[in-house]
$ cat run.cif   # mmCIF, C-alpha atoms and all ligand atoms
data_upload
#
loop_
_atom_site.label_atom_id
_atom_site.label_comp_id
_atom_site.auth_asym_id
_atom_site.auth_seq_id
_atom_site.Cartn_x
_atom_site.Cartn_y
_atom_site.Cartn_z
CA MET J 271 108.86 149.73 87.28
CA THR J 272 110.99 146.72 88.06
CA VAL J 273 110.03 143.47 86.49
CA THR J 274 111.06 140.56 88.69
CA GLU J 275 111.28 137.12 87.22
CA ASP J 276 109.69 134.23 89.00
CA PRO J 277 112.65 131.90 89.59
CA LEU J 278 110.30 128.93 89.87
CA ALA J 279 109.08 129.46 86.33
CA LYS J 280 112.44 128.25 85.04
CA LEU J 281 112.20 124.94 86.85
CA PRO J 282 111.01 121.85 85.01
CA PHE J 283 107.46 120.76 85.82
CA HIS J 284 108.61 118.00 88.14
CA LEU J 285 110.14 120.49 90.60
CA ARG J 286 107.26 122.99 90.62
CA GLY J 287 103.83 123.17 92.24
CA ASN J 288 102.80 119.97 93.92
CA TYR J 289 105.54 118.06 92.13
CA ALA J 290 108.06 120.02 94.22
CA PRO J 291 109.68 117.96 96.98
CA VAL J 292 109.00 118.50 100.68
CA GLN J 293 112.00 118.87 102.96
CA THR J 294 110.73 117.61 106.31
CA GLU J 295 110.04 114.15 107.64
CA VAL J 296 106.90 114.49 109.74
CA THR J 297 105.44 112.18 112.36
CA THR J 298 102.05 113.02 113.77
CA ASP J 299 99.37 111.20 115.67
CA GLU J 300 97.18 114.27 115.91
CA LEU J 301 94.93 113.76 112.95
CA SER J 302 91.31 114.72 112.61
CA VAL J 303 88.82 112.90 110.43
CA VAL J 304 86.17 114.69 108.43
CA GLY J 305 83.31 112.28 107.79
CA ASP J 306 83.35 108.64 108.79
CA LEU J 307 86.32 106.36 108.29
CA PRO J 308 85.05 102.79 107.91
CA PRO J 309 86.28 100.94 111.04
CA GLU J 310 87.11 97.88 108.94
CA LEU J 311 89.84 99.89 107.22
CA ASP J 312 92.43 98.54 109.65
CA GLY J 313 95.90 98.85 108.18
CA LEU J 314 98.42 101.07 106.45
CA TYR J 315 98.01 103.00 103.24
CA VAL J 316 101.42 103.94 101.91
CA ARG J 317 102.47 105.57 98.68
CA ASN J 318 105.91 106.16 97.16
CA GLY J 319 107.16 109.05 95.05
CA ALA J 320 110.19 111.00 93.87
CA ASN J 321 111.34 113.63 96.35
CA PRO J 322 114.86 114.83 95.56
CA LYS J 323 116.57 115.67 98.84
CA SER J 324 118.74 118.30 97.17
CA GLY J 325 115.61 119.93 95.77
CA ARG J 326 116.79 119.19 92.23
CA SER J 327 116.73 116.15 89.99
CA PRO J 328 117.39 115.84 86.27
CA HIS J 329 114.13 113.98 85.59
CA TRP J 330 110.78 113.34 87.28
CA PHE J 331 111.75 109.70 87.68
CA ALA J 332 115.16 110.41 89.25
CA GLY J 333 114.31 111.89 92.68
CA ASP J 334 115.00 110.13 95.97
CA GLY J 335 112.21 107.86 97.13
CA MET J 336 109.90 109.16 99.86
CA VAL J 337 106.97 107.21 101.25
CA HIS J 338 103.88 108.79 102.77
CA GLY J 339 101.91 106.49 105.06
CA ILE J 340 98.73 106.75 107.08
CA ARG J 341 97.76 104.15 109.66
CA LEU J 342 94.03 103.57 110.00
CA GLY J 343 91.99 101.53 112.47
CA ASP J 344 88.90 101.69 114.70
CA GLY J 345 87.49 104.45 112.52
CA ARG J 346 90.47 106.67 113.37
CA ALA J 347 93.62 107.87 111.65
CA HIS J 348 96.30 106.81 114.12
CA TRP J 349 99.31 108.41 112.46
CA TYR J 350 100.78 109.95 109.35
CA ARG J 351 104.48 109.67 108.53
CA ASN J 352 106.58 110.58 105.55
CA ARG J 353 110.04 109.06 105.30
CA TYR J 354 112.86 109.05 102.83
CA VAL J 355 113.79 105.58 101.73
CA GLN J 356 117.28 105.44 103.21
CA THR J 357 119.00 104.17 100.10
CA ARG J 358 122.70 104.09 99.31
CA ALA J 359 121.90 106.62 96.56
CA LEU J 360 120.65 108.98 99.27
CA ASN J 361 123.27 108.38 101.93
CA GLU J 362 126.50 107.61 100.09
CA PRO J 363 127.54 110.52 97.87
CA GLY J 364 130.06 108.34 96.03
CA ALA J 365 127.74 105.42 95.41
CA ARG J 366 126.96 104.95 91.72
CA ALA J 367 124.55 102.48 90.12
CA ILE J 368 126.75 102.47 87.03
CA GLY J 369 130.49 102.64 87.59
CA ALA J 370 133.01 104.41 85.36
CA ASP J 371 133.96 100.98 83.96
CA GLY J 372 130.34 100.24 83.05
CA SER J 373 129.79 97.90 85.99
CA VAL J 374 126.32 97.91 87.53
CA ASP J 375 125.60 98.01 91.27
CA ARG J 376 121.96 97.08 91.87
CA THR J 377 122.20 98.02 95.56
CA VAL J 378 122.26 101.68 94.53
CA GLY J 379 118.87 103.08 93.49
CA VAL J 380 116.38 105.77 94.41
CA ASN J 381 113.56 103.28 95.22
CA ASN J 382 110.93 105.90 94.48
CA THR J 383 108.29 104.21 92.34
CA HIS J 384 106.14 101.75 94.27
CA VAL J 385 105.77 100.20 97.67
CA ILE J 386 104.24 96.77 98.07
CA ARG J 387 104.02 93.99 100.64
CA HIS J 388 104.70 90.37 99.84
CA ALA J 389 105.38 87.45 102.19
CA GLY J 390 105.29 89.91 105.11
CA ARG J 391 107.95 92.20 103.68
CA ILE J 392 107.29 95.82 102.73
CA LEU J 393 109.41 96.57 99.68
CA THR J 394 110.11 99.90 97.98
CA LEU J 395 110.82 99.49 94.31
CA VAL J 396 112.49 101.22 91.38
CA GLU J 397 113.09 99.52 88.07
CA SER J 398 116.83 100.17 87.95
CA SER J 399 117.74 98.42 91.17
CA PHE J 400 117.07 95.92 93.97
CA PRO J 401 114.16 96.47 96.36
CA CYS J 402 114.67 98.15 99.71
CA GLU J 403 112.75 96.79 102.70
CA LEU J 404 110.85 99.01 105.16
CA SER J 405 109.47 98.38 108.62
CA PRO J 406 105.72 98.84 109.22
CA GLU J 407 106.69 102.23 110.73
CA LEU J 408 108.33 103.12 107.39
CA ASP J 409 111.90 102.98 108.65
CA THR J 410 114.37 101.54 106.17
CA ILE J 411 115.70 98.06 106.96
CA GLY J 412 117.93 97.71 103.92
CA VAL J 413 118.42 96.29 100.45
CA HIS J 414 116.52 93.06 99.78
CA ASP J 415 118.03 90.79 97.12
CA PHE J 416 116.07 87.58 97.85
CA ASP J 417 118.95 85.94 99.71
CA GLY J 418 121.35 86.84 96.93
CA ARG J 419 119.31 85.07 94.29
CA LEU J 420 118.22 88.16 92.37
CA ASP J 421 120.63 88.80 89.50
CA SER J 422 118.83 91.64 87.74
CA ALA J 423 117.04 94.81 88.64
CA MET J 424 113.42 94.46 89.77
CA THR J 425 110.51 96.21 88.13
CA ALA J 426 108.45 98.51 90.34
CA HIS J 427 105.38 96.62 89.12
CA PRO J 428 105.53 93.00 90.27
CA LYS J 429 102.25 91.12 90.08
CA ILE J 430 101.07 89.13 93.08
CA CYS J 431 98.79 86.31 91.97
CA PRO J 432 95.67 86.38 94.17
CA VAL J 433 95.22 82.63 93.63
CA SER J 434 98.72 81.29 94.33
CA GLY J 435 100.20 84.13 96.38
CA GLU J 436 103.25 84.03 94.10
CA MET J 437 104.93 87.24 93.05
CA HIS J 438 105.87 87.48 89.38
CA PHE J 439 108.25 90.16 88.20
CA PHE J 440 111.02 90.98 85.76
CA GLY J 441 114.12 93.08 85.54
CA TYR J 442 115.41 94.90 82.50
CA GLY J 443 118.68 96.58 81.73
CA TRP J 444 120.72 98.25 79.02
CA ALA J 445 123.29 95.46 78.89
CA PRO J 446 122.53 91.80 78.07
CA PRO J 447 120.54 90.02 79.23
CA TYR J 448 118.10 92.82 78.48
CA LEU J 449 115.14 91.13 80.14
CA THR J 450 114.86 88.52 82.90
CA TYR J 451 111.68 87.06 84.38
CA HIS J 452 111.50 85.99 88.02
CA ARG J 453 109.00 84.18 90.20
CA VAL J 454 108.91 84.33 93.99
CA ASP J 455 106.79 81.81 95.87
CA ALA J 456 104.23 82.75 98.51
CA THR J 457 106.86 82.44 101.26
CA GLY J 458 109.11 85.01 99.59
CA ALA J 459 111.67 82.63 98.08
CA LEU J 460 112.89 83.38 94.56
CA VAL J 461 112.29 80.06 92.79
CA GLN J 462 112.52 80.79 89.06
CA SER J 463 114.54 83.10 86.82
CA GLU J 464 114.40 83.01 83.03
CA VAL J 465 116.29 85.13 80.54
CA ILE J 466 113.82 86.45 77.94
CA ASP J 467 115.13 87.07 74.42
CA VAL J 468 114.30 90.54 73.06
CA PRO J 469 115.88 92.35 70.09
CA GLY J 470 117.31 95.21 72.12
CA PRO J 471 117.33 97.21 75.34
CA THR J 472 113.99 98.97 75.82
CA MET J 473 112.37 100.68 78.78
CA ILE J 474 109.92 98.13 80.18
CA HIS J 475 108.09 99.73 83.06
CA ASP J 476 105.39 97.18 83.78
CA PHE J 477 103.93 93.89 82.59
CA SER J 478 100.98 91.70 83.45
CA ILE J 479 99.83 88.20 84.25
CA THR J 480 96.79 86.05 83.68
CA GLU J 481 95.93 82.78 85.42
CA THR J 482 98.06 80.92 82.88
CA GLN J 483 100.33 83.46 81.14
CA VAL J 484 102.86 86.21 81.66
CA ILE J 485 102.66 89.15 79.23
CA PHE J 486 105.67 91.30 78.34
CA MET J 487 105.56 94.58 76.42
CA ASP J 488 108.61 95.22 74.20
CA LEU J 489 107.88 98.74 72.96
CA PRO J 490 109.98 101.29 71.04
CA VAL J 491 111.41 103.42 73.84
CA VAL J 492 115.03 102.31 73.54
CA PHE J 493 118.26 102.78 75.46
CA ASP J 494 120.53 105.44 73.99
CA LEU J 495 124.16 105.43 75.13
CA GLU J 496 124.69 109.00 73.98
CA LEU J 497 121.92 110.21 76.27
CA ALA J 498 123.37 108.11 79.08
CA MET J 499 126.77 109.78 78.64
CA ARG J 500 125.07 113.15 79.00
CA GLY J 501 123.67 112.03 82.35
CA THR J 502 120.09 112.43 81.26
CA MET J 503 117.26 109.89 81.00
CA PRO J 504 118.90 107.38 78.63
CA TYR J 505 115.78 106.31 76.72
CA ARG J 506 114.08 107.73 73.62
CA TRP J 507 111.49 106.80 71.03
CA ASP J 508 112.77 104.75 68.05
CA ASP J 509 110.66 104.66 64.86
CA ASP J 510 112.50 101.55 63.68
CA TYR J 511 112.33 99.25 66.72
CA GLY J 512 108.79 97.96 66.22
CA ALA J 513 106.47 96.90 69.02
CA ARG J 514 105.43 93.51 70.30
CA LEU J 515 103.63 91.73 73.10
CA GLY J 516 105.13 88.52 74.44
CA VAL J 517 102.95 85.81 75.96
CA MET J 518 104.73 83.17 78.04
CA PRO J 519 103.11 80.30 79.93
CA ARG J 520 103.32 80.55 83.71
CA GLY J 521 104.99 77.89 85.78
CA VAL J 522 107.04 76.39 82.95
CA SER J 523 110.80 76.66 82.67
CA GLY J 524 112.86 77.20 79.56
CA VAL J 525 110.05 78.42 77.31
CA GLN J 526 110.36 81.73 75.51
CA PRO J 527 107.30 83.97 75.00
CA ARG J 528 105.39 83.93 71.73
CA TRP J 529 105.70 87.43 70.32
CA PHE J 530 102.89 89.30 68.60
CA ASP J 531 103.58 92.46 66.60
CA ILE J 532 101.40 95.46 67.41
CA ASP J 533 101.31 99.05 66.17
CA PRO J 534 104.06 101.12 67.78
CA CYS J 535 102.96 102.80 71.01
CA TYR J 536 104.06 103.04 74.62
CA VAL J 537 102.52 101.73 77.81
CA PHE J 538 103.73 102.52 81.28
CA HIS J 539 100.81 100.76 82.98
CA PRO J 540 98.45 97.95 82.13
CA MET J 541 95.19 98.03 84.04
CA ASN J 542 94.81 94.25 84.10
CA SER J 543 94.90 91.19 81.91
CA PHE J 544 93.08 87.87 81.97
CA ASP J 545 92.39 84.68 80.03
CA ASP J 546 89.22 84.52 77.96
CA GLY J 547 89.31 80.97 76.67
CA SER J 548 92.35 80.81 74.40
CA THR J 549 92.42 84.62 74.09
CA VAL J 550 94.54 86.80 76.32
CA VAL J 551 92.96 90.17 77.10
CA LEU J 552 95.20 93.09 78.06
CA ASP J 553 93.81 96.49 79.05
CA ALA J 554 96.28 99.34 79.37
CA ALA J 555 96.84 103.10 79.29
CA ARG J 556 98.28 103.49 75.77
CA TYR J 557 100.35 106.42 74.51
CA PRO J 558 100.55 106.82 70.71
CA SER J 559 104.24 107.57 71.26
CA LEU J 560 106.53 108.66 74.06
CA TRP J 561 109.68 110.78 74.30
CA LYS J 562 110.03 111.51 70.58
CA ALA J 563 111.54 114.92 71.31
CA ASP J 564 113.00 114.26 74.74
CA SER J 565 112.20 112.52 78.00
CA ALA J 566 110.65 115.63 79.59
CA ASP J 567 107.76 115.27 77.16
CA PHE J 568 104.65 113.87 78.81
CA ASP J 569 102.27 115.84 76.58
CA ASN J 570 100.87 112.84 74.72
CA ASP J 571 97.66 111.59 76.27
CA SER J 572 97.40 107.99 77.40
CA VAL J 573 94.01 106.41 76.78
CA LEU J 574 92.52 103.07 77.79
CA HIS J 575 92.97 100.45 75.08
CA ARG J 576 92.40 96.70 74.92
CA TRP J 577 94.48 94.12 73.12
CA GLN J 578 93.03 90.68 72.49
CA ILE J 579 95.62 88.07 71.59
CA ASP J 580 94.17 84.90 70.12
CA LEU J 581 96.64 82.14 70.97
CA ASP J 582 94.91 79.74 68.56
CA ASP J 583 95.06 81.74 65.34
CA GLY J 584 97.82 84.15 66.33
CA SER J 585 95.77 87.28 65.66
CA VAL J 586 95.88 90.46 67.73
CA THR J 587 93.16 93.09 67.81
CA GLU J 588 93.53 96.52 69.36
CA THR J 589 90.48 98.48 70.52
CA GLN J 590 90.26 101.93 72.04
CA LEU J 591 87.88 101.62 74.99
CA ASP J 592 87.52 105.27 75.98
CA ASP J 593 88.65 108.73 74.91
CA ARG J 594 89.67 110.25 78.22
CA GLN J 595 93.27 110.85 79.21
CA MET J 596 94.05 108.37 81.98
CA GLU J 597 97.05 107.09 83.93
CA PHE J 598 97.74 105.06 87.09
CA PRO J 599 95.11 102.39 86.31
CA ARG J 600 94.29 99.94 89.09
CA VAL J 601 91.88 97.10 89.77
CA ARG J 602 90.98 95.13 92.88
CA GLU J 603 94.12 93.35 94.01
CA ASP J 604 92.24 90.05 94.26
CA LEU J 605 91.38 90.32 90.55
CA VAL J 606 94.92 90.81 89.26
CA GLY J 607 95.20 88.38 86.36
CA LEU J 608 91.50 87.51 86.56
CA PRO J 609 88.53 88.99 84.69
CA ASN J 610 87.58 92.39 86.09
CA ARG J 611 84.52 94.51 85.40
CA PHE J 612 85.74 97.72 87.00
CA GLY J 613 88.97 99.68 86.83
CA TYR J 614 90.08 103.01 88.27
CA GLY J 615 92.56 105.59 87.04
CA VAL J 616 93.53 109.24 87.35
CA SER J 617 92.06 111.33 84.53
CA SER J 618 93.07 114.91 83.77
CA PHE J 619 90.75 117.32 82.00
CA GLY J 620 91.97 120.86 81.48
CA ASP J 621 93.60 121.96 84.74
CA GLU J 622 91.43 119.59 86.74
CA ALA J 623 91.58 115.87 87.41
CA GLY J 624 89.47 113.17 88.97
CA ILE J 625 89.32 109.43 89.46
CA VAL J 626 87.76 107.76 86.44
CA LYS J 627 85.88 104.54 87.08
CA TYR J 628 85.47 102.28 84.07
CA ASP J 629 82.72 99.73 83.73
CA LEU J 630 84.17 97.39 81.14
CA GLU J 631 80.96 95.41 80.94
CA THR J 632 78.73 98.32 79.88
CA GLY J 633 81.48 100.48 78.36
CA ASP J 634 80.51 103.35 80.65
CA ALA J 635 82.90 105.52 82.58
CA ALA J 636 82.26 108.02 85.35
CA ILE J 637 84.40 110.56 87.17
CA HIS J 638 84.82 110.89 90.92
CA ASP J 639 85.33 114.66 90.90
CA LEU J 640 86.91 115.95 94.12
CA GLY J 641 85.85 119.51 93.38
CA PRO J 642 87.51 122.54 91.79
CA GLY J 643 91.25 122.73 92.27
CA ARG J 644 91.47 119.40 94.05
CA LEU J 645 93.76 116.95 92.30
CA PRO J 646 93.96 113.24 93.13
CA GLY J 647 96.88 110.87 92.92
CA GLU J 648 96.63 107.16 92.21
CA ALA J 649 93.62 105.50 93.87
CA VAL J 650 93.91 102.08 95.49
CA PHE J 651 90.74 99.97 95.76
CA VAL J 652 89.99 98.19 99.03
CA PRO J 653 87.00 95.83 99.11
CA ALA J 654 84.46 96.18 101.91
CA ASP J 655 84.18 93.30 104.35
CA GLY J 656 81.87 90.70 102.84
CA ALA J 657 81.62 92.62 99.57
CA VAL J 658 79.60 90.83 96.91
CA ALA J 659 79.60 93.45 94.15
CA GLU J 660 83.04 93.97 92.60
CA ASP J 661 82.91 97.71 93.30
CA ASP J 662 81.66 97.43 96.89
CA GLY J 663 84.55 99.09 98.65
CA TRP J 664 86.68 102.19 98.89
CA LEU J 665 89.20 104.11 96.90
CA LEU J 666 92.10 105.39 99.00
CA LEU J 667 94.27 108.24 97.76
CA TYR J 668 96.09 111.44 98.55
CA ALA J 669 94.62 114.62 97.08
CA TYR J 670 96.11 118.08 96.68
CA ASP J 671 94.21 121.34 97.08
CA LYS J 672 95.79 123.89 94.76
CA ALA J 673 94.38 127.04 96.34
CA ALA J 674 95.25 126.07 99.91
CA ASP J 675 98.49 124.28 98.93
CA THR J 676 97.57 121.45 101.28
CA SER J 677 96.98 117.72 100.99
CA SER J 678 94.57 115.28 102.50
CA PHE J 679 94.00 111.56 102.60
CA VAL J 680 90.67 110.78 100.95
CA VAL J 681 88.33 107.79 101.05
CA LEU J 682 85.78 107.52 98.24
CA ALA J 683 82.91 105.07 97.94
CA ALA J 684 83.90 103.22 94.77
CA ALA J 685 80.34 102.21 93.91
CA ASP J 686 79.05 105.78 93.72
CA PRO J 687 81.13 108.23 91.68
CA THR J 688 78.62 111.02 92.39
CA ALA J 689 78.98 110.78 96.18
CA PRO J 690 81.28 113.16 98.04
CA PRO J 691 84.22 111.56 99.87
CA ILE J 692 83.04 109.50 102.80
CA ALA J 693 86.09 110.49 104.84
CA GLU J 694 88.99 112.89 104.61
CA VAL J 695 92.02 113.32 106.81
CA PRO J 696 93.70 116.73 106.48
CA LEU J 697 97.46 116.18 106.57
CA PRO J 698 100.05 118.31 108.36
CA GLN J 699 102.19 118.63 105.27
CA ARG J 700 101.73 118.74 101.51
CA VAL J 701 102.07 115.33 99.85
CA PRO J 702 103.77 115.86 96.47
CA PHE J 703 102.31 114.10 93.44
CA GLY J 704 103.97 110.73 93.44
CA PHE J 705 103.72 107.35 91.83
CA HIS J 706 102.25 104.18 93.31
CA GLY J 707 101.07 102.81 96.63
CA SER J 708 99.37 99.95 98.43
CA TRP J 709 96.88 99.17 101.13
CA MET J 710 98.41 96.82 103.69
CA PRO J 711 95.76 95.33 105.98
CA ALA J 712 96.81 94.90 109.62
FE FE J 801 104.56 102.88 87.37
#
$ encode --input "run.cif" --output "C-alpha cells"
Amino acid sequence: MTVTEDPLAKLPFHLRGNYAPVQTEVTTDELSVVGDLPPELDGLYVRNGANPKSGRSPHWFAGDGMVHGIRLGDGRAHWYRNRYVQTRALNEPGARAIGADGSVDRTVGVNNTHVIRHAGRILTLVESSFPCELSPELDTIGVHDFDGRLDSAMTAHPKICPVSGEMHFFGYGWAPPYLTYHRVDATGALVQSEVIDVPGPTMIHDFSITETQVIFMDLPVVFDLELAMRGTMPYRWDDDYGARLGVMPRGVSGVQPRWFDIDPCYVFHPMNSFDDGSTVVLDAARYPSLWKADSADFDNDSVLHRWQIDLDDGSVTETQLDDRQMEFPRVREDLVGLPNRFGYGVSSFGDEAGIVKYDLETGDAAIHDLGPGRLPGEAVFVPADGAVAEDDGWLLLYAYDKAADTSSFVVLAAADPTAPPIAEVPLPQRVPFGFHGSWMPA
C-alpha cells in the first residue's frame, strides 16, 4: 500500500481551505437571487481580503489585496466582480516598501485589509501604506496620498464621523514618529496631522472615536527588528511593554492624549465607543494576549469586553460582556462614535460559525446561524429606509459552504436572528475568507 501525503496539509492555515486564494478575476451579470432582495438595497457591497497572486504568502496579512463586489438595485443582483487591487507591490517585482537602506516607500503596499468610501472616493487600505483608489467598477485608479499631505501610513480602520462627515485616522510605523493622527474634512481634504507620543513601536490595527474624543490603543505587540530581518511578520508580544488607552480631544491641535494603564491584552478591533457624560465607553474584541509564540498563532479567543474611562477621576474599569469567541465587530455606520444598543460580529464555535448579535442594553446575545458547514465573513449592517428601531435593517456578508466549496452573498434580517436569510445570491466563484468591507449606497 502506498501512503500519499496530502501536500496541502503542509501549508499554513491561511493558504488552505477557504483561506486559499482564487486565481481568476471574474465578471458576471448572470446572477440569480434566492429569496427577495430588498429593492431599497441600491448600491455596492464590496469586501477586501488577502489573495496572494503567487499562491503563497508568508503571513495571512501579507497577501495581495483582492476586492469582491456585488452591485444591487431594483431587487436584483446586477453584477459580481472580483479584482486585484493593482498595487505597485503586485505589479512591480522590484518595488519594496522598505528599502535596503531602511527608507520607507508608502506607495508600495498590498492594500488588502479594508475598502471604504469617503468624500466620493473608494479607498482600499492596509496599515503599512497609503490608500489606493478604486473606481465604482473596482478598477484601480492609483495611490491616494491626499494631495501629498499624508506623511505616514494609513490605518485600514479610519472612522467616519456620522455627524460631521470627517474621517479620522492614524498611521503607525516602526521608526519615529511611531504614531501620527490625521483628520480629513468632509470634502476629502487632509486638514490636521498630529504626532502622538508613545513609548515604542507597537502594532496598532484600529482605534475609535466618540463625539468629543479620539481613543488610541497602545498595546504590547511590539516591533522586533530581528523578525523583520528574517522577512517574517515583525511584531511579537512583549511582557514588559505594558498596555494603555489614550484619550485625546477631537478638533484641538497640539494636545497629547491622556493615557490610562490597563491590563495587558491585544485588540485588533473595537466595536464602537461613545461618550457617557464624562466617561468614555469602549467596547472591543479583546485577546488576553497575541503572538506570544509567533505571529501564526491566532488560537487565543477574542471576547467582547468594555472599558469605561472616567475622565473626571482618572479611573478605568474593564468588564467582560460575553463569553463567546468573536471577531470583526461592527455597528451601524451612523452610530460610529455614538451610543449603540446593538453590535454584530463573527463568532466561531467548534468548526462552525455564525453572526452574533449583541444587545448591549439587555446583555443578551443571539446567533444568526447559517446552517451546518456554512461559514460567514464580516457582516455589514445597512439600515432599512425609514428605520426607527436601531436593528431594523439588513446584514450583508459573504458566506462559504464547506461541503460544496462555494460562496454566496447573503442578506440577513438583523432584527430576527432566528429567521433564515431573506436573500442569497450564489456566486460564480469561491470568495476566500477575507477582512473588511463596506456598503456603498448608489
Ligand atoms: Fe481589521
$ closest_residue --input "run.cif" --among "J:Thr450, J:Ser434, J:Thr298, J:Ser399" --to "J:Ala359" --atoms "all atoms listed in the file"
J:Ser399
$ closest_residue --input "run.cif" --among "J:Glu496, J:Asp488, J:Asp476, J:Glu631" --to "J:Leu591" --atoms "all atoms listed in the file"
J:Glu631
$ residues_near_ligand --input "run.cif" --ligand "ligand FE 801 (chain J)" --cutoff "9 Å" --atoms "all atoms listed in the file" --output "PyMOL selection string"
chain J and resi 383-384+425-427+475-476+538-539+598+705-706
$ atom_distance --input "run.cif" --atom1 "atom CA of J:Arg700" --atom2 "atom CA of J:Thr676"
5.0 Å
$ residues_around --input "run.cif" --residues "J:Ile485" --least-positions-apart "3" --cutoff "7 Å" --atoms "only C-alpha atoms" --output "PyMOL selection string"
chain J and resi 477-479+515-518
$ write_last_selection --input "run.cif" --atoms "C-alpha atoms" --output "short mmCIF file (atom, residue, chain, number, x, y, z; two decimals), keeping the file's coordinate frame"
data_model
loop_
_atom_site.label_atom_id
_atom_site.label_comp_id
_atom_site.auth_asym_id
_atom_site.auth_seq_id
_atom_site.Cartn_x
_atom_site.Cartn_y
_atom_site.Cartn_z
CA PHE J 477 103.93 93.89 82.59
CA SER J 478 100.98 91.70 83.45
CA ILE J 479 99.83 88.20 84.25
CA LEU J 515 103.63 91.73 73.10
CA GLY J 516 105.13 88.52 74.44
CA VAL J 517 102.95 85.81 75.96
CA MET J 518 104.73 83.17 78.04
#
$ closest_residue --input "run.cif" --among "J:Pro540, J:Pro363, J:Gly379, J:Pro446" --to "J:Gly333" --atoms "only C-alpha atoms"
J:Gly379
$ residues_around --input "run.cif" --residues "J:Met473" --least-positions-apart "5" --cutoff "9 Å" --atoms "all atoms listed in the file" --output "list in words"
Tyr442, Gly443, Trp444, Asp488, Leu489, Pro490, Val491, Val492, Phe493, Tyr505 and Arg506 of chain J
$ decode --input "run.cif" --residues "stretch 305-323 of chain J" --atoms "N, CA and C atoms" --output "mmCIF file, in the first residue's frame"
data_model
loop_
_atom_site.group_PDB
_atom_site.id
_atom_site.type_symbol
_atom_site.label_atom_id
_atom_site.label_comp_id
_atom_site.auth_asym_id
_atom_site.auth_seq_id
_atom_site.Cartn_x
_atom_site.Cartn_y
_atom_site.Cartn_z
ATOM 1 N N GLY J 305 -34.816 33.980 -2.818
ATOM 2 C CA GLY J 305 -35.486 34.843 -1.845
ATOM 3 C C GLY J 305 -35.732 36.217 -2.438
ATOM 4 N N ASP J 306 -35.886 37.193 -1.583
ATOM 5 C CA ASP J 306 -36.239 38.533 -2.055
ATOM 6 C C ASP J 306 -35.209 39.553 -1.597
ATOM 7 N N LEU J 307 -34.505 40.129 -2.560
ATOM 8 C CA LEU J 307 -33.574 41.213 -2.244
ATOM 9 C C LEU J 307 -34.386 42.488 -2.037
ATOM 10 N N PRO J 308 -34.224 43.158 -0.909
ATOM 11 C CA PRO J 308 -34.974 44.409 -0.721
ATOM 12 C C PRO J 308 -34.595 45.415 -1.818
ATOM 13 N N PRO J 309 -35.594 45.951 -2.544
ATOM 14 C CA PRO J 309 -35.287 46.873 -3.650
ATOM 15 C C PRO J 309 -34.524 48.108 -3.186
ATOM 16 N N GLU J 310 -34.725 48.493 -1.920
ATOM 17 C CA GLU J 310 -34.038 49.707 -1.443
ATOM 18 C C GLU J 310 -32.539 49.484 -1.238
ATOM 19 N N LEU J 311 -32.098 48.225 -1.309
ATOM 20 C CA LEU J 311 -30.649 47.983 -1.288
ATOM 21 C C LEU J 311 -30.115 48.320 -2.681
ATOM 22 N N ASP J 312 -29.847 49.594 -2.889
ATOM 23 C CA ASP J 312 -29.387 50.100 -4.180
ATOM 24 C C ASP J 312 -27.963 50.611 -3.991
ATOM 25 N N GLY J 313 -26.992 49.802 -4.381
ATOM 26 C CA GLY J 313 -25.607 50.203 -4.182
ATOM 27 C C GLY J 313 -24.668 49.031 -4.341
ATOM 28 N N LEU J 314 -23.471 49.216 -3.799
ATOM 29 C CA LEU J 314 -22.387 48.250 -3.977
ATOM 30 C C LEU J 314 -21.935 47.749 -2.608
ATOM 31 N N TYR J 315 -21.940 46.431 -2.452
ATOM 32 C CA TYR J 315 -21.284 45.840 -1.292
ATOM 33 C C TYR J 315 -19.925 45.326 -1.766
ATOM 34 N N VAL J 316 -18.889 45.757 -1.098
ATOM 35 C CA VAL J 316 -17.543 45.347 -1.524
ATOM 36 C C VAL J 316 -16.706 45.029 -0.302
ATOM 37 N N ARG J 317 -15.931 43.959 -0.431
ATOM 38 C CA ARG J 317 -15.132 43.487 0.702
ATOM 39 C C ARG J 317 -13.719 43.175 0.225
ATOM 40 N N ASN J 318 -12.741 43.507 1.048
ATOM 41 C CA ASN J 318 -11.339 43.308 0.700
ATOM 42 C C ASN J 318 -10.801 42.065 1.413
ATOM 43 N N GLY J 319 -9.675 41.558 0.930
ATOM 44 C CA GLY J 319 -9.045 40.418 1.584
ATOM 45 C C GLY J 319 -7.691 40.129 0.964
ATOM 46 N N ALA J 320 -6.947 39.256 1.634
ATOM 47 C CA ALA J 320 -5.608 38.887 1.161
ATOM 48 C C ALA J 320 -5.718 37.720 0.193
ATOM 49 N N ASN J 321 -5.139 37.894 -0.977
ATOM 50 C CA ASN J 321 -5.249 36.878 -2.037
ATOM 51 C C ASN J 321 -3.926 36.837 -2.804
ATOM 52 N N PRO J 322 -2.923 36.168 -2.227
ATOM 53 C CA PRO J 322 -1.592 36.220 -2.847
ATOM 54 C C PRO J 322 -1.607 35.685 -4.280
ATOM 55 N N LYS J 323 -1.160 36.541 -5.213
ATOM 56 C CA LYS J 323 -1.224 36.162 -6.626
ATOM 57 C C LYS J 323 -0.331 34.964 -6.923
#
